[in-house]
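Remarks on the structure that follows.
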2 protein chains.
Amino acid sequence: MNDRPRVRLVDVAAYLGVAPSTVSRALAGAGAIPQATRDRVKQAADELGYRANPAAAGLKRGVTFNLGLITSLGGSWYSGALAAGADRAAAEAGYDFVVATADEIDGRSGLLRRGERLGQRVDGVVIVDVNDANGLLDRLVEKVAVPVVTVGCRHAEWPSLEIDNHRVGFEAGKHLSTLGHRSVVVLGLETPNEMSIDNTSERIAGFVKGASYSAVMRSTLSRNSPAERRSEIVAATAAATAVFCTSDELAIEVVAVLTRNGRRVPDEIAVIGVDDHPLAEAVGLTTVGQNPAAIGRDAATILMAQIDHQTEPVRVVVPISLAARATTLGHVG
Amino acid sequence: MNDRPRVRLVDVAAYLGVAPSTVSRALAGAGAIPQATRDRVKQAADELGYRANPAAAGLKRGVTFNLGLITSLGGSWYSGALAAGADRAAAEAGYDFVVATADEIDGRSGLLRRGERLGQRVDGVVIVDVNDANGLLDRLVEKVAVPVVTVGCRHAEWPSLEIDNHRVGFEAGKHLSTLGHRSVVVLGLETPNEMSIDNTSERIAGFVKGASYSAVMRSTLSRNSPAERRSEIVAATAAATAVFCTSDELAIEVVAVLTRNGRRVPDEIAVIGVDDHPLAEAVGLTTVGQNPAAIGRDAATILMAQIDHQTEPVRVVVPISLAARATTLGHVG
DNA sequence: GATGCTCACGCAAACGTTTGCGTAACCCGG
DNA sequence: CCGGGTTACGCAAACGTTTGCGTGAGCATC
C-alpha cells in the first residue's frame, strides 16, 4: 500500500541530464559545484521526491551514521532522559540512535548477543551502567567491536562519563549535618542483579564523611513488593531524625510510607534523595541531582568525536548539585 | 584503535575454497545446503571473526531490518517503558529500533524533518501520541513514507493502539462513587503544546459518567513550576472529598501537596490517578493503569506484520485495570 | 594567439551482500 | 550402463551510492 517505486539518485540525474556524480556532489555539498547547479539539483530532487538510500551510501562509505545505546530503557526515568539527550545531540550531527534495551531477563548472554548484533549496525555505542565486575563489560565491549563510551561504568580503553558517587553522598551528608541532624540512617535497595552496577556503597561512604558528626546507620532494603518493604522502612527509620535514600524513587516511597505512618516530614524526620527525579520538585523532595539529559548529550558528543578519532579516551566527571527542598527544610513557598 | 580490517563474506568463502553464494546461503539457512557444509561454514565464520555487513545486505534486499519509534522519550516514564517493550518484541524478530525523540523545542517542522530522515532508514515506524489535529499526523505519516502504526492517536490508513480514555475516566468515577464520594474534583494539566494529544477531555467525560451521583468540578492546572501550581491545587480541592487526576504524576504531586497542607489522605480527601506509574504502588496511589510495555510489544508486532503485508489495518483497544490502593482505601497492609 | 590553470562535470570502479539461473556430480531404477 | 531427477554448489548480475581520476571548456597571462 506504500510501494511506489523509489526514485533513485540516477533518476534525478537522468531527469536533469547530468551525471549521477554531479547529483551526489551537489546534494552532499562536496566537490566543486557552483551554487546554481546545486540549487537546480536540489529542486529537481524534491520535485521527484528523491530520498537517499542510506544503506547504499553506508556501504560505499563504510559508515552507518547510526549510534547504539545499550541500557535498560524500561528500568527508570533516568535512562529515558539520557536517551533523549543523546538522541538530540546525535540528530544534530546527522546520526540516529538505535537502542538495545537489555533487561535482566535476557541475562548475561542475552546482553552480549544483543551487543554483538548492535555493533554490526552502528558506528559506535554508548553503554550505560553495565557492571564491570565479572568481566561483563569487557566482553561486551569486545563484542560490539566499535568505539564505545561508557556512562556510569568504566572500561580501560574507552572514555567514560560518571558522577562522583562519593561526592553525591558527601553533599547529602553535609546538608543533613548542617541542619543539625545527628542520628541519620542510610537506606538503599539491594542490587537488582549481577549485571547492574552498584553505586550504593560509594554513596554511603561519601555520606558518612559528609555527615561527620552524625551517627550513621545503614540498612539495605529488599526488592520485594512495596507492601513488604514498608515494615522494613518503618523499622529502619524508627530512631532516626533524617534519612538518606540512595535514589529518589526510594526517597519518594519512604516519604509516603513515613507520612502514612504518622511521622511528619520533615519536622519529625527529614528525607533526602539522589537524582533529581522528575517528581522530586513536585513532591518537594530534597535531593542531590544530576542531569541525565546533559549526560546523554555529552556521551553522544564524545562518542562521535571518538569515531572521528578526534579525542583521546577521557574520564569525565559530571557535575551534581544539591536541590534543597521541603523534605529537609520544611514548608517553603 | 579498533581498525582491524573487517573480514568479509568473500574472505570466509576464499578461506574455505567455496563460492560466496554458498557461504551466504549457509549462514542465512536458505537454499539447499547440507548440514555438514553449513556447520563448516559457520565454524569458519567465527574462526575468522566474520561479521555481516547489514548495509550491503540491506541494499541488496531492499530492507533495513530497522524499525523507527517517534516519541518524546524524555518526557515521561511511559514512553520509556513502551520503547522497552517494543524493542524486546522487535529484537526477537531480528529487528532493531531506532528512536527519534521529538521534543517541543523542535516544533512541528522539526518533527516532520526528523520523521522524513527516519523513514529513509527504517522499514516501518511506530508513532506515539502525535496530535492528529492540524493535519500534523497526516503530514508526518506522509513524510515517513513507510508502514506505520500509531499509538495513542489515529491515522486513517494505518493500524492504531489506544486505551479507551472514556473508560479510564469511567472506572475512576465508578470507584469513587462506590466509595460514597459525592463531591469530587477532576484535576488535569493543560496540554503542553499543539503537537501532543489531549486525553483529558475524554477521560473527564468518562469520569462524569462513572461518578453518576456525584457533583463533579473540573480544574485545569498550569504547567508552571510546582511552587506556583501548589496554590492552584489547594484552592481547587478545598471543598472536595476526592480528586481524580488525569495522570499519576499529577496525582503524586497532589497527594504530596495536600499532605503537606495538613489534609489527611484518604481520610479527609481521596486521590486517584491514571497510568500505574512505577511509583504508584510504592506510594500507595490508587490508579487506573495501563501497561505500556505490553502496548509497545503489540505495536512492534503489528508493525512487523504490516511490513510483511500480513494484516489489514486494525484498531486495537488495549486493556486497562483499576488498582485500588491506599489513597482511596485507607491504610492497607 | 598559444600556454597554463582552474572550474565544472562525466566515467567507471568500487562497497559487501543476495539470488536467479546454470551446471557438474551424484543417486536411482531399468 | 544409460537416462532422468535431484542435490550441492558456482557464476555473475544486481542493489544505489560515493569518489578518484580524467577531460573539455573557459579564463587570464605573457
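Letters A, B, ... go to the chains of the C-alpha cells in the order shown; residues in each chain start at 1; ligands are counted from 1 in the same order.
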Using only C-alpha atoms (C1' of nucleotides), select each residue of chain B with any atom at most 8 Å away from an atom of chain D, and give the selection as a PyMOL selection string.
chain B and resi 19+21-22+32-34+59-62
Compute the post-superposition RMSD of the C-alpha atoms of chain A relative to chain B, with atoms paired in order and the fit done by least squares.
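Rounded to one decimal, the C-alpha RMSD is 0.2 Å.
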DSSP strand (DSSP E) selection over segment 26-265 of chain B, as a PyMOL selection string
chain B and resi 66-71+96-101+124-128+148-151+160-163+183-189+215-221+242-245
Take the selection from the previous step and output its residues with C-alpha atoms, as a PDB file, in the first residue's frame.
```
ATOM      1  CA  ASN B  66      15.261  -1.459  11.423  1.00  0.00           C
ATOM      2  CA  LEU B  67      12.122  -0.060  12.947  1.00  0.00           C
ATOM      3  CA  GLY B  68      11.574   3.519  13.975  1.00  0.00           C
ATOM      4  CA  LEU B  69       9.971   4.962  17.047  1.00  0.00           C
ATOM      5  CA  ILE B  70       8.786   8.529  17.158  1.00  0.00           C
ATOM      6  CA  THR B  71       8.062   9.697  20.669  1.00  0.00           C
ATOM      7  CA  ASP B  96      16.282  -3.125  15.876  1.00  0.00           C
ATOM      8  CA  PHE B  97      14.655   0.077  16.939  1.00  0.00           C
ATOM      9  CA  VAL B  98      15.939   3.478  16.080  1.00  0.00           C
ATOM     10  CA  VAL B  99      14.380   6.205  18.097  1.00  0.00           C
ATOM     11  CA  ALA B 100      13.568   9.746  17.200  1.00  0.00           C
ATOM     12  CA  THR B 101      12.664  11.796  20.190  1.00  0.00           C
ATOM     13  CA  GLY B 124       8.367   0.988   9.407  1.00  0.00           C
ATOM     14  CA  VAL B 125       7.716   3.308  12.299  1.00  0.00           C
ATOM     15  CA  VAL B 126       5.536   3.479  15.349  1.00  0.00           C
ATOM     16  CA  ILE B 127       4.315   6.933  16.170  1.00  0.00           C
ATOM     17  CA  VAL B 128       3.317   7.704  19.719  1.00  0.00           C
ATOM     18  CA  VAL B 148       3.145   2.975  10.309  1.00  0.00           C
ATOM     19  CA  VAL B 149       1.340   2.009  13.457  1.00  0.00           C
ATOM     20  CA  THR B 150       0.168   4.726  15.749  1.00  0.00           C
ATOM     21  CA  VAL B 151      -0.327   4.510  19.470  1.00  0.00           C
ATOM     22  CA  SER B 160      -3.553   2.030  15.858  1.00  0.00           C
ATOM     23  CA  LEU B 161      -3.393   1.063  19.502  1.00  0.00           C
ATOM     24  CA  GLU B 162      -5.064   3.126  22.123  1.00  0.00           C
ATOM     25  CA  ILE B 163      -6.578   2.909  25.500  1.00  0.00           C
ATOM     26  CA  SER B 183     -18.152  15.954  45.976  1.00  0.00           C
ATOM     27  CA  VAL B 184     -15.254  15.273  43.665  1.00  0.00           C
ATOM     28  CA  VAL B 185     -12.968  17.388  41.558  1.00  0.00           C
ATOM     29  CA  VAL B 186     -11.118  16.495  38.379  1.00  0.00           C
ATOM     30  CA  LEU B 187      -7.617  17.845  38.001  1.00  0.00           C
ATOM     31  CA  GLY B 188      -5.692  17.897  34.751  1.00  0.00           C
ATOM     32  CA  LEU B 189      -2.673  19.690  33.374  1.00  0.00           C
ATOM     33  CA  ALA B 215     -21.092  16.618  41.957  1.00  0.00           C
ATOM     34  CA  VAL B 216     -18.092  16.898  39.666  1.00  0.00           C
ATOM     35  CA  MET B 217     -15.996  20.022  39.390  1.00  0.00           C
ATOM     36  CA  ARG B 218     -13.235  20.467  36.908  1.00  0.00           C
ATOM     37  CA  SER B 219      -9.994  22.371  37.066  1.00  0.00           C
ATOM     38  CA  THR B 220      -7.072  22.671  34.706  1.00  0.00           C
ATOM     39  CA  LEU B 221      -3.674  23.307  36.232  1.00  0.00           C
ATOM     40  CA  ALA B 242     -11.997  13.178  46.399  1.00  0.00           C
ATOM     41  CA  VAL B 243      -9.752  14.113  43.461  1.00  0.00           C
ATOM     42  CA  PHE B 244      -9.388  12.441  40.111  1.00  0.00           C
ATOM     43  CA  CYS B 245      -6.076  13.353  38.487  1.00  0.00           C
TER      44      CYS B 245
END
```
Just give me the gap between atom CA of Gly289 of chain A and atom CA of Thr286 of chain B in Å, one decimal is fine.
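Pair atom CA of Gly289 of chain A / atom CA of Thr286 of chain B returns 28.3 Å.
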Residues of chain B within 9 Å of chain C, counting only C-alpha atoms (C1' of nucleotides) - could you list those as a list in words?
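Close enough to count are Arg8, Leu9, Val10, Ser21, Ser24, Arg25, Ala52, Asn53, Pro54, Ala55, Ala56, Ala57, Gly58, Leu59, Lys60 and Arg61 of chain B.
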Enumerate as a VMD selection string all residues of segment 97-268 of chain A assigned to alpha helix (DSSP H) by DSSP on the backbone, naming them with the chain letters and numbers the document uses.
chain A and resid 107 to 121 136 to 144 165 to 178 200 to 210 226 to 237 248 to 260
Residues as selected, C-alpha atoms, written as an mmCIF file, in the first residue's frame, can you do that?
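Final file, result-v1.cif:
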```
data_model
loop_
_atom_site.group_PDB
_atom_site.id
_atom_site.type_symbol
_atom_site.label_atom_id
_atom_site.label_comp_id
_atom_site.auth_asym_id
_atom_site.auth_seq_id
_atom_site.Cartn_x
_atom_site.Cartn_y
_atom_site.Cartn_z
ATOM 1 C CA GLY A 107 20.825 -12.354 31.268
ATOM 2 C CA ARG A 108 24.484 -12.013 30.510
ATOM 3 C CA SER A 109 24.461 -13.953 27.289
ATOM 4 C CA GLY A 110 21.411 -12.108 26.055
ATOM 5 C CA LEU A 111 23.174 -8.836 26.656
ATOM 6 C CA LEU A 112 26.270 -9.998 24.832
ATOM 7 C CA ARG A 113 24.314 -11.302 21.867
ATOM 8 C CA ARG A 114 22.434 -8.084 21.690
ATOM 9 C CA GLY A 115 25.643 -6.102 21.829
ATOM 10 C CA GLU A 116 27.196 -8.092 19.042
ATOM 11 C CA ARG A 117 24.213 -7.560 16.759
ATOM 12 C CA LEU A 118 24.140 -3.907 17.608
ATOM 13 C CA GLY A 119 27.817 -3.449 16.933
ATOM 14 C CA GLN A 120 27.363 -4.556 13.366
ATOM 15 C CA ARG A 121 24.801 -1.920 12.625
ATOM 16 C CA LEU A 136 30.943 -8.493 31.655
ATOM 17 C CA LEU A 137 31.721 -5.019 30.439
ATOM 18 C CA ASP A 138 34.986 -6.172 28.935
ATOM 19 C CA ARG A 139 33.297 -8.879 26.995
ATOM 20 C CA LEU A 140 30.533 -6.572 25.877
ATOM 21 C CA VAL A 141 32.997 -4.016 24.582
ATOM 22 C CA GLU A 142 34.789 -6.769 22.758
ATOM 23 C CA LYS A 143 31.560 -7.972 21.188
ATOM 24 C CA VAL A 144 30.395 -4.632 19.932
ATOM 25 C CA ASN A 165 29.195 8.944 43.772
ATOM 26 C CA HIS A 166 31.308 9.633 46.783
ATOM 27 C CA ARG A 167 30.649 13.317 46.410
ATOM 28 C CA VAL A 168 26.932 12.692 45.979
ATOM 29 C CA GLY A 169 26.853 11.070 49.361
ATOM 30 C CA PHE A 170 29.101 13.716 50.805
ATOM 31 C CA GLU A 171 26.815 16.566 49.752
ATOM 32 C CA ALA A 172 23.820 14.820 51.210
ATOM 33 C CA GLY A 173 25.621 14.129 54.453
ATOM 34 C CA LYS A 174 26.890 17.660 54.749
ATOM 35 C CA HIS A 175 23.414 19.050 54.149
ATOM 36 C CA LEU A 176 21.865 16.973 56.888
ATOM 37 C CA SER A 177 24.741 17.616 59.210
ATOM 38 C CA THR A 178 24.463 21.373 58.662
ATOM 39 C CA THR A 200 25.346 2.423 46.836
ATOM 40 C CA SER A 201 28.487 1.716 48.745
ATOM 41 C CA GLU A 202 30.385 4.703 47.376
ATOM 42 C CA ARG A 203 27.478 6.979 48.084
ATOM 43 C CA ILE A 204 27.260 5.702 51.583
ATOM 44 C CA ALA A 205 30.951 6.135 52.196
ATOM 45 C CA GLY A 206 30.708 9.701 50.987
ATOM 46 C CA PHE A 207 27.698 10.301 53.123
ATOM 47 C CA VAL A 208 29.437 9.128 56.231
ATOM 48 C CA LYS A 209 32.275 11.527 55.509
ATOM 49 C CA GLY A 210 29.919 14.411 54.832
ATOM 50 C CA PRO A 226 6.406 -2.254 48.379
ATOM 51 C CA ALA A 227 3.984 -3.799 50.845
ATOM 52 C CA GLU A 228 6.725 -5.992 52.241
ATOM 53 C CA ARG A 229 9.231 -3.197 52.129
ATOM 54 C CA ARG A 230 7.015 -0.984 54.182
ATOM 55 C CA SER A 231 7.754 -2.533 57.515
ATOM 56 C CA GLU A 232 11.440 -2.602 56.708
ATOM 57 C CA ILE A 233 11.321 1.135 56.142
ATOM 58 C CA VAL A 234 9.411 1.823 59.305
ATOM 59 C CA ALA A 235 11.729 -0.289 61.382
ATOM 60 C CA ALA A 236 14.886 1.123 59.882
ATOM 61 C CA THR A 237 13.881 4.728 60.459
ATOM 62 C CA ASP A 248 14.805 9.444 44.582
ATOM 63 C CA GLU A 249 12.415 6.643 43.748
ATOM 64 C CA LEU A 250 13.161 5.169 47.114
ATOM 65 C CA ALA A 251 13.042 8.543 48.824
ATOM 66 C CA ILE A 252 9.587 9.262 47.453
ATOM 67 C CA GLU A 253 8.425 5.894 48.667
ATOM 68 C CA VAL A 254 9.952 6.495 52.059
ATOM 69 C CA VAL A 255 8.268 9.850 52.429
ATOM 70 C CA ALA A 256 4.940 8.262 51.554
ATOM 71 C CA VAL A 257 5.420 5.412 53.991
ATOM 72 C CA LEU A 258 6.532 7.628 56.846
ATOM 73 C CA THR A 259 3.703 10.064 56.263
ATOM 74 C CA ARG A 260 1.102 7.346 56.200
#
```
Between atom CA of Thr328 of chain B and atom CA of Thr246 of chain A, what is the distance, to one decimal in Å?
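Distance reported for this atom pair: 29.0 Å.
The space between atom CA of Ala28 of chain A and atom CA of Val63 of chain A spans 15.3 Å.
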